[in-house]
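Remarks on the structure that follows.
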Number of protein chains: 2
Amino acid sequence: MAIAWEGNAYDPECPTRVVLDRIGDKWTVLIIEVLDAGPRRFNEIRLAIGGITPKVLTSTLRSLAADGLIVREAFGEVPPRVEYRLTDLGRSLLEPVAALRQWAERNVAEIEGNRNSAEAVATR
Amino acid sequence: MAIAWEGNAYDPECPTRVVLDRIGDKWTVLIIEVLDAGPRRFNEIRLAIGGITPKVLTSTLRSLAADGLIVREAFGEVPPRVEYRLTDLGRSLLEPVAALRQWAERNVAEIEGNRNSAEAVATR
DNA sequence: CCGCATCCGAAAGGATACTG
DNA sequence: CAGTATCCTTTCGGATGCGG
C-alpha cells in the first residue's frame with residue numbers, strides 16, 4: 001500500500017504518476033498514434049517510426065500489451081506474422097494526449113524561446 | 001533544424017515530445033501543483049513534496065525557470081529568502097495535466113489490473 | 001519475419017556532507 | 001535558509017549478433 005502523506009507527495013502509485021510514467025517514455029505515444037490508423041505488423045511499426053531498434057520496440061510493445069493498451073496477435077504462419085492493434089483503452093488515451101499536444105503546439109515556441117534566453121544568460 | 005520525415009517519426013523537437021519530456025520527469029508536476037496554491041519558498045516546496053533531495057529540487061526548479069514556467073525571486077536578506085511562483089504559462093500547463101489526471105483516475109485501476117494479470121501469466 | 005541475448009554508454013536521480 | 005559538491009546506483013535506451 002502507498003504511504004499516506006498529508007498533502008502533496010511523491011507516490012509511485014498515484015494515478016497521474018502511473019500515466020506519466022507510461023506515456024513519458026520515448027516511444028509509447030508514437031506507437032499508439034501509429035496504431036490509431038489501424039492494426040500494424042511489427043516491422044510496419046518499426047519502419048513507420050524510424051530510429052527504434054527491434055529490442056526497444058519489442059519491450060515497449062510488450063509493456064503496452066501488459067497494460068492492456070494494445071493487443072498482440074500472432075498468426076501461426078511461416079514466416080511469422082504478428083499484428084498489434086489498439087484496445088478501446090489505448091484509443092481513449094489519445095484524448096488527453098491530444099489535449100497535451102494542443103497545449104504543446106500553442107506554447108512550445110515560448111518555452112523554446114525562454115530556454116534559449118536562459119542559455120544566453122548562463123553563458124554570458 | 002529537425003529532420004523532415006514522411007510520416008510519424010521520433011523527433012526531439014516535436015512539440016508534444018518537448019512537453020512530454022518536460023512533465024514526464026519525476027517531480028515537475030508535483031512542483032507546479034504545489035506552486036498553484038501560491039508562491040512558496042525552497043524548503044516549503046521540499047517539505048510539501050517529501051522525498052526530494054535539495055540537489056534534485058534545485059535542478060528541477062532551475063530548468064522550470066529556464067522554460068519560463070516558474071519565476072525565481074531572491075530577496076537580499078540574511079538568512080536568505082527565495083520564492084518561486086508560477087507564471088501564466090506554468091499555470092496554463094495545469095489544464096492539459098488535469099485532463100491527463102482525469103483519464104488516469106478513471107483508468108488506472110484497469111491498467112493495474114491488466115499489469116497484475118500479465119505478471120501472473122509471466123510467472124506461471 | 002519477429003524477435004531474443006548480451007554488452008554497453010549516458011543520464012536521471014539519490015545519499016551524504018558541506019558552505020555563503 | 002538555500003543551496004553546492006561528490007560520489008554512487010539505477011534505469012533507459014542503443015549496438016550488435018544470433019535463433020525459431
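Labels for the C-alpha cells follow display order: chains A, B, ..., residues from 1 in each chain, ligands from 1.
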
Pick out the residues sitting within 12 Å of DG13 (chain C), and hand them over as a PDB file with N, CA and C atoms (P, O5', C5', C4', C3', O3' and C1' of nucleotides), in the first residue's frame; count only C-alpha atoms (C1' of nucleotides), and ignore anything fewer than 2 positions along from it in its own chain.
ATOM      1  N   ASP B  25       9.173  13.916 -16.165  1.00  0.00           N
ATOM      2  CA  ASP B  25      10.173  13.610 -15.143  1.00  0.00           C
ATOM      3  C   ASP B  25       9.490  13.386 -13.798  1.00  0.00           C
ATOM      4  N   LYS B  26      10.286  13.126 -12.809  1.00  0.00           N
ATOM      5  CA  LYS B  26       9.719  12.619 -11.559  1.00  0.00           C
ATOM      6  C   LYS B  26       9.034  13.685 -10.713  1.00  0.00           C
ATOM      7  N   TRP B  27       9.417  14.943 -10.839  1.00  0.00           N
ATOM      8  CA  TRP B  27       8.995  15.944  -9.855  1.00  0.00           C
ATOM      9  C   TRP B  27       8.242  17.139 -10.420  1.00  0.00           C
ATOM     10  N   GLY B  51      10.652  13.686   0.113  1.00  0.00           N
ATOM     11  CA  GLY B  51      11.395  12.673  -0.604  1.00  0.00           C
ATOM     12  C   GLY B  51      12.320  13.219  -1.668  1.00  0.00           C
ATOM     13  N   ILE B  52      12.198  14.487  -1.982  1.00  0.00           N
ATOM     14  CA  ILE B  52      13.098  15.070  -2.973  1.00  0.00           C
ATOM     15  C   ILE B  52      14.315  15.656  -2.269  1.00  0.00           C
ATOM     16  N   THR B  53      15.492  15.421  -2.846  1.00  0.00           N
ATOM     17  CA  THR B  53      16.711  15.945  -2.242  1.00  0.00           C
ATOM     18  C   THR B  53      16.935  17.373  -2.713  1.00  0.00           C
ATOM     19  N   PRO B  54      17.683  18.164  -1.927  1.00  0.00           N
ATOM     20  CA  PRO B  54      17.939  19.556  -2.321  1.00  0.00           C
ATOM     21  C   PRO B  54      18.542  19.652  -3.711  1.00  0.00           C
ATOM     22  N   LYS B  55      19.458  18.776  -4.023  1.00  0.00           N
ATOM     23  CA  LYS B  55      20.109  18.851  -5.324  1.00  0.00           C
ATOM     24  C   LYS B  55      19.114  18.703  -6.463  1.00  0.00           C
ATOM     25  N   VAL B  56      18.265  17.722  -6.341  1.00  0.00           N
ATOM     26  CA  VAL B  56      17.307  17.465  -7.418  1.00  0.00           C
ATOM     27  C   VAL B  56      16.258  18.567  -7.482  1.00  0.00           C
ATOM     28  N   LEU B  57      15.830  19.048  -6.317  1.00  0.00           N
ATOM     29  CA  LEU B  57      14.868  20.146  -6.311  1.00  0.00           C
ATOM     30  C   LEU B  57      15.475  21.379  -6.970  1.00  0.00           C
ATOM     31  N   SER B  59      17.844  21.560  -9.256  1.00  0.00           N
ATOM     32  CA  SER B  59      17.995  21.430 -10.706  1.00  0.00           C
ATOM     33  C   SER B  59      16.638  21.468 -11.404  1.00  0.00           C
ATOM     34  N   THR B  60      15.617  20.888 -10.775  1.00  0.00           N
ATOM     35  CA  THR B  60      14.287  20.916 -11.392  1.00  0.00           C
ATOM     36  C   THR B  60      13.737  22.330 -11.408  1.00  0.00           C
TER      37      THR B  60
ATOM     38  P    DA C  11      24.269  12.230 -21.925  1.00  0.00           P
ATOM     39  O5'  DA C  11      23.012  12.185 -20.939  1.00  0.00           O
ATOM     40  C5'  DA C  11      21.918  11.343 -21.268  1.00  0.00           C
ATOM     41  C4'  DA C  11      21.087  11.090 -20.042  1.00  0.00           C
ATOM     42  C3'  DA C  11      21.043  12.267 -19.055  1.00  0.00           C
ATOM     43  O3'  DA C  11      19.710  12.447 -18.643  1.00  0.00           O
ATOM     44  C1'  DA C  11      21.658  10.315 -17.919  1.00  0.00           C
ATOM     45  P    DA C  15      17.974   8.711  -1.096  1.00  0.00           P
ATOM     46  O5'  DA C  15      19.503   8.762  -0.630  1.00  0.00           O
ATOM     47  C5'  DA C  15      20.407   7.733  -1.039  1.00  0.00           C
ATOM     48  C4'  DA C  15      21.710   7.845  -0.259  1.00  0.00           C
ATOM     49  C3'  DA C  15      21.591   8.475   1.130  1.00  0.00           C
ATOM     50  O3'  DA C  15      22.501   7.838   2.014  1.00  0.00           O
ATOM     51  C1'  DA C  15      22.940   9.854  -0.264  1.00  0.00           C
TER      52       DA C  15
ATOM     53  P    DC D   8      32.283   6.449  -5.197  1.00  0.00           P
ATOM     54  O5'  DC D   8      30.807   5.891  -5.345  1.00  0.00           O
ATOM     55  C5'  DC D   8      29.871   5.994  -4.252  1.00  0.00           C
ATOM     56  C4'  DC D   8      28.472   5.713  -4.763  1.00  0.00           C
ATOM     57  C3'  DC D   8      28.385   4.568  -5.772  1.00  0.00           C
ATOM     58  O3'  DC D   8      27.703   3.481  -5.176  1.00  0.00           O
ATOM     59  C1'  DC D   8      27.066   6.440  -6.425  1.00  0.00           C
ATOM     60  P    DT D   9      27.590   2.113  -5.993  1.00  0.00           P
ATOM     61  O5'  DT D   9      26.024   2.062  -6.323  1.00  0.00           O
ATOM     62  C5'  DT D   9      25.075   2.502  -5.355  1.00  0.00           C
ATOM     63  C4'  DT D   9      23.696   2.560  -5.996  1.00  0.00           C
ATOM     64  C3'  DT D   9      23.349   1.347  -6.855  1.00  0.00           C
ATOM     65  O3'  DT D   9      22.046   0.920  -6.507  1.00  0.00           O
ATOM     66  C1'  DT D   9      23.132   3.345  -8.132  1.00  0.00           C
ATOM     67  P    DT D  10      21.429  -0.380  -7.174  1.00  0.00           P
ATOM     68  O5'  DT D  10      20.337   0.206  -8.192  1.00  0.00           O
ATOM     69  C5'  DT D  10      19.601   1.374  -7.835  1.00  0.00           C
ATOM     70  C4'  DT D  10      18.919   1.939  -9.063  1.00  0.00           C
ATOM     71  C3'  DT D  10      18.361   0.872 -10.020  1.00  0.00           C
ATOM     72  O3'  DT D  10      16.987   1.135 -10.197  1.00  0.00           O
ATOM     73  C1'  DT D  10      19.635   2.501 -11.213  1.00  0.00           C
ATOM     74  P    DT D  11      16.068   0.100 -10.976  1.00  0.00           P
ATOM     75  O5'  DT D  11      15.800   0.870 -12.340  1.00  0.00           O
ATOM     76  C5'  DT D  11      15.650   2.289 -12.312  1.00  0.00           C
ATOM     77  C4'  DT D  11      15.751   2.842 -13.710  1.00  0.00           C
ATOM     78  C3'  DT D  11      15.178   1.907 -14.786  1.00  0.00           C
ATOM     79  O3'  DT D  11      14.252   2.643 -15.562  1.00  0.00           O
ATOM     80  C1'  DT D  11      17.321   2.671 -15.413  1.00  0.00           C
TER      81       DT D  11
END

Please produce, as CSV, a per-residue contact table for chain A versus chain C (criterion: any atom at most 7 Å away, only C-alpha atoms (C1' of nucleotides) considered), showing the nearest atom pair and its distance in Å to one decimal, sorted by chain then residue number.
residue,atom,partner,partner_atom,distance
A:Pro79,CA,C:DC1,C1',5.7
A:Pro80,CA,C:DC1,C1',5.4
A:Arg81,CA,C:DC1,C1',6.8

Selection file, C-alpha atoms, as a PDB file, in the first residue's frame:
ATOM      1  CA  PRO A  79       7.376 -16.772 -41.910  1.00  0.00           C
ATOM      2  CA  PRO A  80       5.759 -15.398 -38.753  1.00  0.00           C
ATOM      3  CA  ARG A  81       3.168 -12.649 -38.878  1.00  0.00           C
TER       4      ARG A  81
END

Find the residues around Leu64 (chain A) up to 9 Å (only C-alpha atoms (C1' of nucleotides) counted), leave out those fewer than 5 positions away in its own chain, and share them as a VMD selection string.
chain A and resid 22 28 59 69 to 71 90

Write down, as an mmCIF file with N, CA, C and O atoms (P, O5', C5', C4', C3', O3' and C1' of nucleotides), in the first residue's frame, each residue of chain D that has any atom within 10 Å of an atom of chain A, counting only C-alpha atoms (C1' of nucleotides).
data_model
loop_
_atom_site.group_PDB
_atom_site.id
_atom_site.type_symbol
_atom_site.label_atom_id
_atom_site.label_comp_id
_atom_site.auth_asym_id
_atom_site.auth_seq_id
_atom_site.Cartn_x
_atom_site.Cartn_y
_atom_site.Cartn_z
ATOM 1 P P DC D 12 13.324 1.988 -16.681
ATOM 2 O "O5'" DC D 12 13.790 2.718 -18.010
ATOM 3 C "C5'" DC D 12 13.949 4.147 -17.994
ATOM 4 C "C4'" DC D 12 14.691 4.549 -19.248
ATOM 5 C "C3'" DC D 12 14.168 3.858 -20.499
ATOM 6 O "O3'" DC D 12 13.796 4.860 -21.437
ATOM 7 C "C1'" DC D 12 16.548 3.604 -20.284
ATOM 8 P P DG D 13 12.954 4.484 -22.737
ATOM 9 O "O5'" DG D 13 14.157 4.337 -23.764
ATOM 10 C "C5'" DG D 13 15.096 5.399 -23.862
ATOM 11 C "C4'" DG D 13 16.363 4.910 -24.532
ATOM 12 C "C3'" DG D 13 16.119 4.166 -25.851
ATOM 13 O "O3'" DG D 13 16.717 4.919 -26.888
ATOM 14 C "C1'" DG D 13 17.711 3.044 -24.493
ATOM 15 P P DG D 14 16.724 4.436 -28.384
ATOM 16 O "O5'" DG D 14 18.178 3.805 -28.544
ATOM 17 C "C5'" DG D 14 19.307 4.652 -28.389
ATOM 18 C "C4'" DG D 14 20.582 3.883 -28.617
ATOM 19 C "C3'" DG D 14 20.638 3.115 -29.944
ATOM 20 O "O3'" DG D 14 21.895 3.347 -30.558
ATOM 21 C "C1'" DG D 14 21.110 1.655 -28.155
ATOM 22 P P DA D 15 22.141 2.855 -32.059
ATOM 23 O "O5'" DA D 15 23.186 1.671 -31.888
ATOM 24 C "C5'" DA D 15 24.329 1.828 -31.046
ATOM 25 C "C4'" DA D 15 25.232 0.601 -31.190
ATOM 26 C "C3'" DA D 15 25.166 -0.066 -32.556
ATOM 27 O "O3'" DA D 15 26.473 -0.452 -32.956
ATOM 28 C "C1'" DA D 15 24.508 -1.604 -30.869
ATOM 29 P P DG D 20 16.932 -22.043 -31.926
ATOM 30 O "O5'" DG D 20 15.339 -22.071 -31.823
ATOM 31 C "C5'" DG D 20 14.612 -20.969 -31.265
ATOM 32 C "C4'" DG D 20 13.272 -20.819 -31.972
ATOM 33 C "C3'" DG D 20 12.783 -22.061 -32.710
ATOM 34 O "O3'" DG D 20 11.379 -22.126 -32.594
ATOM 35 C "C1'" DG D 20 12.981 -20.273 -34.244
#

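Here CA of Leu61 (chain A) and CA of Asp88 (chain A) stand 16.1 Å from one another.
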
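In chain B, the set of residues within 6 Å of chain A (atoms considered: only C-alpha atoms) is B:Asn8, B:Ala9, B:Pro15, B:Thr16, B:Leu20, B:Gly24, B:Ile49, B:Gly50, B:Ala66, B:Asp67, B:Gly68, B:Pro96, B:Ala99, B:Leu100, B:Arg101, B:Ala104, B:Glu105, B:Val108, B:Ile111, B:Asn114, B:Arg115, B:Ala118.
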
Now that the selection is made, can you save its residues with N, CA and C atoms as a compact mmCIF listing (two decimals), in the first residue's frame?
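Once everything was written out, this is out-v3.txt:
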# COMPACT_ATOMS: atom_id res chain seq x y z
N ASN B 8 5.37 9.55 -39.31
CA ASN B 8 5.35 9.62 -37.87
C ASN B 8 6.69 9.13 -37.36
N ALA B 9 7.56 10.05 -36.98
CA ALA B 9 8.90 9.63 -36.59
C ALA B 9 9.31 10.29 -35.28
N PRO B 15 6.73 19.31 -30.70
CA PRO B 15 6.16 19.97 -29.52
C PRO B 15 5.67 18.99 -28.46
N THR B 16 4.97 17.97 -28.88
CA THR B 16 4.47 17.00 -27.91
C THR B 16 5.61 16.32 -27.19
N LEU B 20 6.25 16.33 -23.23
CA LEU B 20 6.32 15.06 -22.51
C LEU B 20 7.64 14.95 -21.74
N GLY B 24 7.30 14.68 -17.94
CA GLY B 24 7.45 13.26 -17.70
C GLY B 24 8.46 12.93 -16.63
N ILE B 49 6.52 18.34 -0.73
CA ILE B 49 6.60 17.19 -1.62
C ILE B 49 7.08 15.95 -0.89
N GLY B 50 8.18 16.11 -0.16
CA GLY B 50 8.68 14.98 0.62
C GLY B 50 9.42 14.00 -0.26
N ALA B 66 14.03 28.18 -16.35
CA ALA B 66 14.61 28.39 -17.68
C ALA B 66 13.54 28.27 -18.76
N ASP B 67 12.58 27.40 -18.54
CA ASP B 67 11.49 27.22 -19.50
C ASP B 67 10.42 28.30 -19.36
N GLY B 68 10.52 29.12 -18.33
CA GLY B 68 9.53 30.17 -18.14
C GLY B 68 8.24 29.68 -17.52
N PRO B 96 -4.04 20.87 -19.42
CA PRO B 96 -3.88 19.54 -20.02
C PRO B 96 -3.46 18.49 -19.01
N ALA B 99 -6.53 17.15 -17.53
CA ALA B 99 -7.18 16.19 -18.43
C ALA B 99 -6.52 14.82 -18.32
N LEU B 100 -5.21 14.85 -18.24
CA LEU B 100 -4.46 13.61 -18.09
C LEU B 100 -4.81 12.95 -16.75
N ARG B 101 -4.94 13.76 -15.71
CA ARG B 101 -5.25 13.22 -14.40
C ARG B 101 -6.65 12.58 -14.39
N ALA B 104 -6.41 9.36 -16.01
CA ALA B 104 -5.66 8.46 -15.14
C ALA B 104 -6.55 7.91 -14.03
N GLU B 105 -7.31 8.80 -13.41
CA GLU B 105 -8.13 8.35 -12.28
C GLU B 105 -9.23 7.41 -12.74
N VAL B 108 -6.77 3.98 -14.29
CA VAL B 108 -5.58 3.37 -13.74
C VAL B 108 -5.89 2.01 -13.12
N ILE B 111 -5.65 -0.50 -15.84
CA ILE B 111 -4.26 -0.73 -16.20
C ILE B 111 -3.55 -1.59 -15.17
N ASN B 114 -4.67 -5.12 -15.46
CA ASN B 114 -4.04 -5.78 -16.60
C ASN B 114 -2.59 -6.12 -16.30
N ARG B 115 -1.89 -5.20 -15.67
CA ARG B 115 -0.49 -5.45 -15.33
C ARG B 115 -0.35 -6.67 -14.43
N ALA B 118 -0.98 -9.83 -16.36
CA ALA B 118 0.15 -10.13 -17.23
C ALA B 118 1.30 -10.73 -16.44

Among chain B, which ones does DSSP place in strand (DSSP E or B), written as a ChimeraX atom specification?
/B:40-41,70-75,81-86

Length of the CA of Val121 (chain B) to CA of Ala74 (chain A) vector [Å]
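CA of Val121 (chain B) sits 17.0 Å away from CA of Ala74 (chain A).
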
Would you please work out which residue, of B:Val82, B:Ile32, B:Ala37, B:Ala120, is nearest to DA2 (chain D) when using only C-alpha atoms (C1' of nucleotides)?
B:Val82

Under the rule that only C-alpha atoms (C1' of nucleotides) are counted, which of B:Pro39, B:Glu77, B:Thr58, B:Leu86 is the nearest residue to DC1 (chain D)?
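The closest residue to DC1 (chain D) is B:Glu77.
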